[in-house]
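A.B. asks: Input: one structure, supplied below.
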Amino acid sequence: MKIGVIGGGSIGLLFTAYLAESAHEVTLFVRREAQQQAIHTMGLTVKAGSSAYTCQPKVCLLSETGRNDIDVLIVAVKSYDVEHIMPEIIEKFKNTRSILFVQNGMQHLRFLPHFKMHSIYMGVVEHGAMKESDHLINHTGVGRTKIAPYLDGHSGINWEKLSKEKFPFFYQNDWYAMLSEKLHINAVINPLTAILRVPNGALLTNPHWLDLMEQLSEEACKVLNIKYHEAWKDLVAVCENTSLNKSSMLRDIENKRRTEIEAINGFILNSAKGKNIEVPNNRFVYQIIKGMEE
Ligand code: PAF
């Protein structure tokens, strides 16, 4: 199968390396020539514990390439870039019928009706991954990629067949349940760890921070219409399983990059407004992160 991956960040590199390991023909599409050159000359390496694996995927500049032979496209750019990348996808991948989006949050969904000609899938990535350089990625926690069809996404792809031991795929039917459960987790862990500058597990160790978690969680559950007790259990489990990891929002703040606050707590604020639900804690963390970005 010919697979295209758009995005040279940690998740894009992780997908590229593991799918290339399964002998698929994988092409990575990146924005920067420096990254293209780095992977071209040194290969793409994934470190996982004490082992390391290097592959040699094709790397193209997205701005230069149109491809009519890609079967599956995996869009692994940040949520705020989906809108900008959309015209390029429509123009350059005309024959691609299956597209998987693996962004945090739900803000990007509003751009997807434009993709009527494709089978669209949503993905939730539970792996821990840190990009150490343009061609080196550290797989810090083996998780799963959950995939669900979105709208009429039924191109017949057997996603679970793409699974590797350290990179499994799980197919689900309900994209809304899948995305809202993950959004709830991100809406609590990401802003709090970024504001407090602590790893995920530290949130559970302080009663005052636990209290903040509960308040953010209750608001998010109300807005997303998910059951609080189950969602809370999942949230605590993610904090425990990724206790030493820094959340993506904390890493964005530390590296002075734009965060995904709009796609996460911004989405909660917008939905709350439409439903007349008060979300003061989500508004509070949203404002703090926006201020930190500036
Ligand atoms: O965005 C992240 O960092 C991750 O989705 C999560 C689950 C919060 C773990 O760090």
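Following the order of the structure tokens, first chain is A, next is B, and so on, with residues numbered from 1 inside each chain and ligands from 1 in the order they appear.
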Name the residues, by chain letter and number, that sit within 8 Å of ligand 1 using only C-alpha atoms and all ligand atoms, and give them as a list in words.

C.D. replies: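 Checked against 8 Å with only C-alpha atoms and all ligand atoms; the hits are Asn104, Val125, Glu126, Gly128, Lys182, Ile185, Asn186, Ile189, Asn190, Asn200, Val238, Cys239, Thr242, Asn245, Lys246, Ser247, Ser248, Met249 and Leu250 of chain A.
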
A.B. asks: Can you list every residue in stretch 156-208 of chain A that DSSP puts in strand (DSSP E or B), as a list in words?

C.D. replies: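 Checking each residue of stretch 156-208 of chain A, the strand (DSSP E or B) ones are Lys164, Phe167, Phe169, Phe170 and Tyr171 of chain A.
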
A.B. asks: Write out as a list in words the residues lying within 7 Å of A:Leu44, counting only C-alpha atoms and excluding same-chain residues fewer than 2 positions away.

C.D. replies: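 Once the adjacent positions are removed, what remains is Ala17, Ile39, Met42, Val46, Thr54, Cys55, Gln56, His135 and Leu136 of chain A.
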
A.B. asks: Looking at A:Gly49, A:Pro57, A:Pro168, A:Gly66, which one is nearest to A:Thr145, with distances taken over only C-alpha atoms?

C.D. replies: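 Between A:Gly49, A:Pro57, A:Pro168, A:Gly66, the residue approaching A:Thr145 most closely is A:Pro168.
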
A.B. asks: Might you pull out every residue within 9 Å of stretch 85-97 of chain A, with only C-alpha atoms counted and same-chain residues fewer than 4 positions away left off, and present them as a short mmCIF file (atom, residue, chain, number, x, y, z; two decimals) with all heavy atoms, in the first residue's frame?

C.D. replies:
data_model
loop_
_atom_site.label_atom_id
_atom_site.label_comp_id
_atom_site.auth_asym_id
_atom_site.auth_seq_id
_atom_site.Cartn_x
_atom_site.Cartn_y
_atom_site.Cartn_z
N LEU A 62 6.07 19.36 0.65
CA LEU A 62 4.65 19.42 0.33
C LEU A 62 4.37 20.51 -0.71
O LEU A 62 3.55 20.33 -1.61
CB LEU A 62 3.85 19.68 1.60
CG LEU A 62 2.33 19.69 1.45
CD1 LEU A 62 1.83 18.34 0.97
CD2 LEU A 62 1.66 20.05 2.75
N SER A 63 5.11 21.60 -0.62
CA SER A 63 4.87 22.72 -1.54
C SER A 63 5.18 22.36 -2.98
O SER A 63 4.65 22.96 -3.91
CB SER A 63 5.72 23.92 -1.12
OG SER A 63 7.06 23.51 -1.03
N THR A 65 5.14 19.04 -4.35
CA THR A 65 4.75 17.74 -4.87
C THR A 65 3.25 17.54 -5.03
O THR A 65 2.49 17.80 -4.11
CB THR A 65 5.25 16.63 -3.89
OG1 THR A 65 6.43 17.09 -3.32
CG2 THR A 65 5.45 15.33 -4.59
N GLY A 66 2.86 17.05 -6.17
CA GLY A 66 1.51 16.55 -6.34
C GLY A 66 1.62 15.05 -6.54
O GLY A 66 2.52 14.58 -7.22
N ARG A 67 0.75 14.26 -5.91
CA ARG A 67 0.88 12.81 -6.05
C ARG A 67 -0.49 12.19 -6.29
O ARG A 67 -1.42 12.42 -5.55
CB ARG A 67 1.48 12.22 -4.76
CG ARG A 67 2.96 12.44 -4.61
CD ARG A 67 3.78 11.50 -5.47
NE ARG A 67 3.64 10.12 -5.03
CZ ARG A 67 4.41 9.56 -4.10
NH1 ARG A 67 5.36 10.25 -3.52
NH2 ARG A 67 4.24 8.30 -3.76
N ASN A 68 -0.56 11.41 -7.36
CA ASN A 68 -1.83 10.78 -7.69
C ASN A 68 -1.88 9.31 -7.33
O ASN A 68 -2.86 8.64 -7.62
CB ASN A 68 -2.12 10.94 -9.18
CG ASN A 68 -2.49 12.37 -9.49
OD1 ASN A 68 -3.18 13.01 -8.71
ND2 ASN A 68 -2.01 12.88 -10.61
N ASP A 69 -0.81 8.81 -6.70
CA ASP A 69 -0.75 7.36 -6.46
C ASP A 69 -0.81 6.98 -4.98
O ASP A 69 -0.55 5.85 -4.62
CB ASP A 69 0.55 6.81 -7.07
CG ASP A 69 1.78 7.47 -6.46
OD1 ASP A 69 1.62 8.56 -5.86
OD2 ASP A 69 2.87 6.89 -6.56
N ILE A 70 -1.16 7.94 -4.13
CA ILE A 70 -1.19 7.62 -2.69
C ILE A 70 -2.56 7.00 -2.34
O ILE A 70 -3.60 7.57 -2.64
CB ILE A 70 -0.97 8.93 -1.86
CG1 ILE A 70 0.39 9.55 -2.16
CG2 ILE A 70 -1.18 8.70 -0.38
CD1 ILE A 70 1.58 8.86 -1.55
N ASP A 71 -2.53 5.83 -1.69
CA ASP A 71 -3.79 5.17 -1.32
C ASP A 71 -4.38 5.76 -0.04
O ASP A 71 -5.58 5.98 0.06
CB ASP A 71 -3.55 3.67 -1.05
CG ASP A 71 -2.97 2.98 -2.27
OD1 ASP A 71 -3.55 3.14 -3.36
OD2 ASP A 71 -1.91 2.32 -2.13
N VAL A 72 -3.51 5.97 0.94
CA VAL A 72 -3.97 6.47 2.23
C VAL A 72 -3.10 7.65 2.64
O VAL A 72 -1.87 7.56 2.57
CB VAL A 72 -3.79 5.39 3.33
CG1 VAL A 72 -4.30 5.90 4.66
CG2 VAL A 72 -4.50 4.12 2.95
N LEU A 73 -3.76 8.71 3.08
CA LEU A 73 -3.02 9.89 3.50
C LEU A 73 -3.27 10.09 5.00
O LEU A 73 -4.42 10.08 5.44
CB LEU A 73 -3.53 11.11 2.72
CG LEU A 73 -2.73 12.38 2.83
CD1 LEU A 73 -1.31 12.19 2.27
CD2 LEU A 73 -3.42 13.51 2.07
N VAL A 77 -0.48 17.11 10.99
CA VAL A 77 -0.06 18.47 11.32
C VAL A 77 -0.83 18.92 12.56
O VAL A 77 -1.79 18.26 12.97
CB VAL A 77 -0.34 19.45 10.15
CG1 VAL A 77 0.42 19.05 8.91
CG2 VAL A 77 -1.84 19.56 9.86
N ASP A 81 -3.20 24.01 11.79
CA ASP A 81 -2.70 24.02 10.42
C ASP A 81 -3.62 23.30 9.43
O ASP A 81 -3.42 23.38 8.23
CB ASP A 81 -1.30 23.37 10.34
CG ASP A 81 -0.22 24.34 10.81
OD1 ASP A 81 -0.40 25.56 10.59
OD2 ASP A 81 0.77 23.88 11.38
N PHE A 111 -13.59 22.04 9.10
CA PHE A 111 -13.04 22.19 7.75
C PHE A 111 -13.26 20.95 6.90
O PHE A 111 -12.99 20.94 5.72
CB PHE A 111 -11.54 22.48 7.81
CG PHE A 111 -11.23 23.68 8.66
CD1 PHE A 111 -10.49 23.56 9.82
CD2 PHE A 111 -11.75 24.92 8.31
CE1 PHE A 111 -10.25 24.66 10.62
CE2 PHE A 111 -11.50 26.03 9.10
CZ PHE A 111 -10.75 25.90 10.25
N LEU A 112 -13.73 19.90 7.50
CA LEU A 112 -13.76 18.62 6.79
C LEU A 112 -14.90 18.42 5.79
O LEU A 112 -14.73 17.63 4.88
CB LEU A 112 -13.69 17.45 7.77
CG LEU A 112 -12.46 17.49 8.66
CD1 LEU A 112 -12.31 16.20 9.43
CD2 LEU A 112 -11.19 17.73 7.88
N HIS A 114 -15.40 19.93 3.35
CA HIS A 114 -14.81 20.21 2.05
C HIS A 114 -14.25 18.95 1.38
O HIS A 114 -13.95 18.94 0.22
CB HIS A 114 -13.65 21.20 2.19
CG HIS A 114 -14.12 22.53 2.66
ND1 HIS A 114 -14.47 23.53 1.79
CD2 HIS A 114 -14.31 23.02 3.89
CE1 HIS A 114 -14.85 24.58 2.49
NE2 HIS A 114 -14.77 24.30 3.76
N PHE A 115 -14.05 17.91 2.17
CA PHE A 115 -13.43 16.70 1.63
C PHE A 115 -14.46 15.66 1.20
O PHE A 115 -14.30 14.49 1.46
CB PHE A 115 -12.53 16.06 2.69
CG PHE A 115 -11.29 16.83 2.97
CD1 PHE A 115 -11.13 17.51 4.16
CD2 PHE A 115 -10.27 16.88 2.05
CE1 PHE A 115 -9.98 18.22 4.43
CE2 PHE A 115 -9.10 17.58 2.30
CZ PHE A 115 -8.97 18.25 3.49
N MET A 117 -15.16 14.16 -1.46
CA MET A 117 -14.80 13.08 -2.38
C MET A 117 -13.99 11.96 -1.71
O MET A 117 -13.61 10.99 -2.35
CB MET A 117 -13.98 13.63 -3.55
CG MET A 117 -14.70 14.65 -4.39
SD MET A 117 -16.27 14.01 -4.99
CE MET A 117 -15.67 12.76 -6.11
N HIS A 118 -13.67 12.13 -0.43
CA HIS A 118 -12.79 11.16 0.20
C HIS A 118 -13.51 10.40 1.32
O HIS A 118 -14.55 10.81 1.79
CB HIS A 118 -11.59 11.87 0.84
CG HIS A 118 -10.85 12.75 -0.12
ND1 HIS A 118 -9.78 12.31 -0.86
CD2 HIS A 118 -11.03 14.04 -0.45
CE1 HIS A 118 -9.34 13.30 -1.60
NE2 HIS A 118 -10.08 14.35 -1.38
N SER A 119 -12.90 9.27 1.73
CA SER A 119 -13.34 8.62 2.95
C SER A 119 -12.51 9.19 4.07
O SER A 119 -11.29 9.08 4.07
CB SER A 119 -13.09 7.12 2.87
OG SER A 119 -14.09 6.53 2.12
N ILE A 120 -13.18 9.78 5.02
CA ILE A 120 -12.45 10.46 6.09
C ILE A 120 -12.50 9.64 7.38
O ILE A 120 -13.58 9.16 7.76
CB ILE A 120 -13.08 11.85 6.38
CG1 ILE A 120 -13.16 12.68 5.11
CG2 ILE A 120 -12.32 12.59 7.48
CD1 ILE A 120 -11.85 13.09 4.55
N SER A 155 -13.82 3.28 3.19
CA SER A 155 -13.11 2.94 1.96
C SER A 155 -12.67 1.48 1.94
O SER A 155 -12.03 1.03 1.02
CB SER A 155 -11.88 3.83 1.81
OG SER A 155 -11.05 3.58 2.92
#

A.B. asks: For A:Cys221, list every protein, DNA or RNA residue within 12 Å, evaluated using only C-alpha atoms, and leave out those in the same chain fewer than 5 positions away; present the list as an NGL selection string.

C.D. replies: :A and (177 or 180-185 or 187-188 or 213-216 or 226-232 or 235 or 268 or 271-272 or 277 or 279 or 282)

A.B. asks: What is the atom CA of A:Asp211-atom CA of A:Asp234 distance in Å, reported with one decimal?

C.D. replies: 16.4 Å

A.B. asks: How many Å separate atom CA of A:Gly4 from atom CA of A:Val142?

C.D. replies: 22.2 Å

A.B. asks: So that I can check the secondary structure, give me every residue of stretch 73-257 of chain A assigned alpha helix (DSSP H) by backbone DSSP, as a PyMOL selection string.

C.D. replies: chain A and resi 82-92+175-196+207-224+228-241+248-254

A.B. asks: One decimal, Å: what's the distance from atom CA of A:Leu196 over to atom CA of A:Trp209, could you say?

C.D. replies: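 Pair atom CA of A:Leu196 / atom CA of A:Trp209 returns 9.2 Å.
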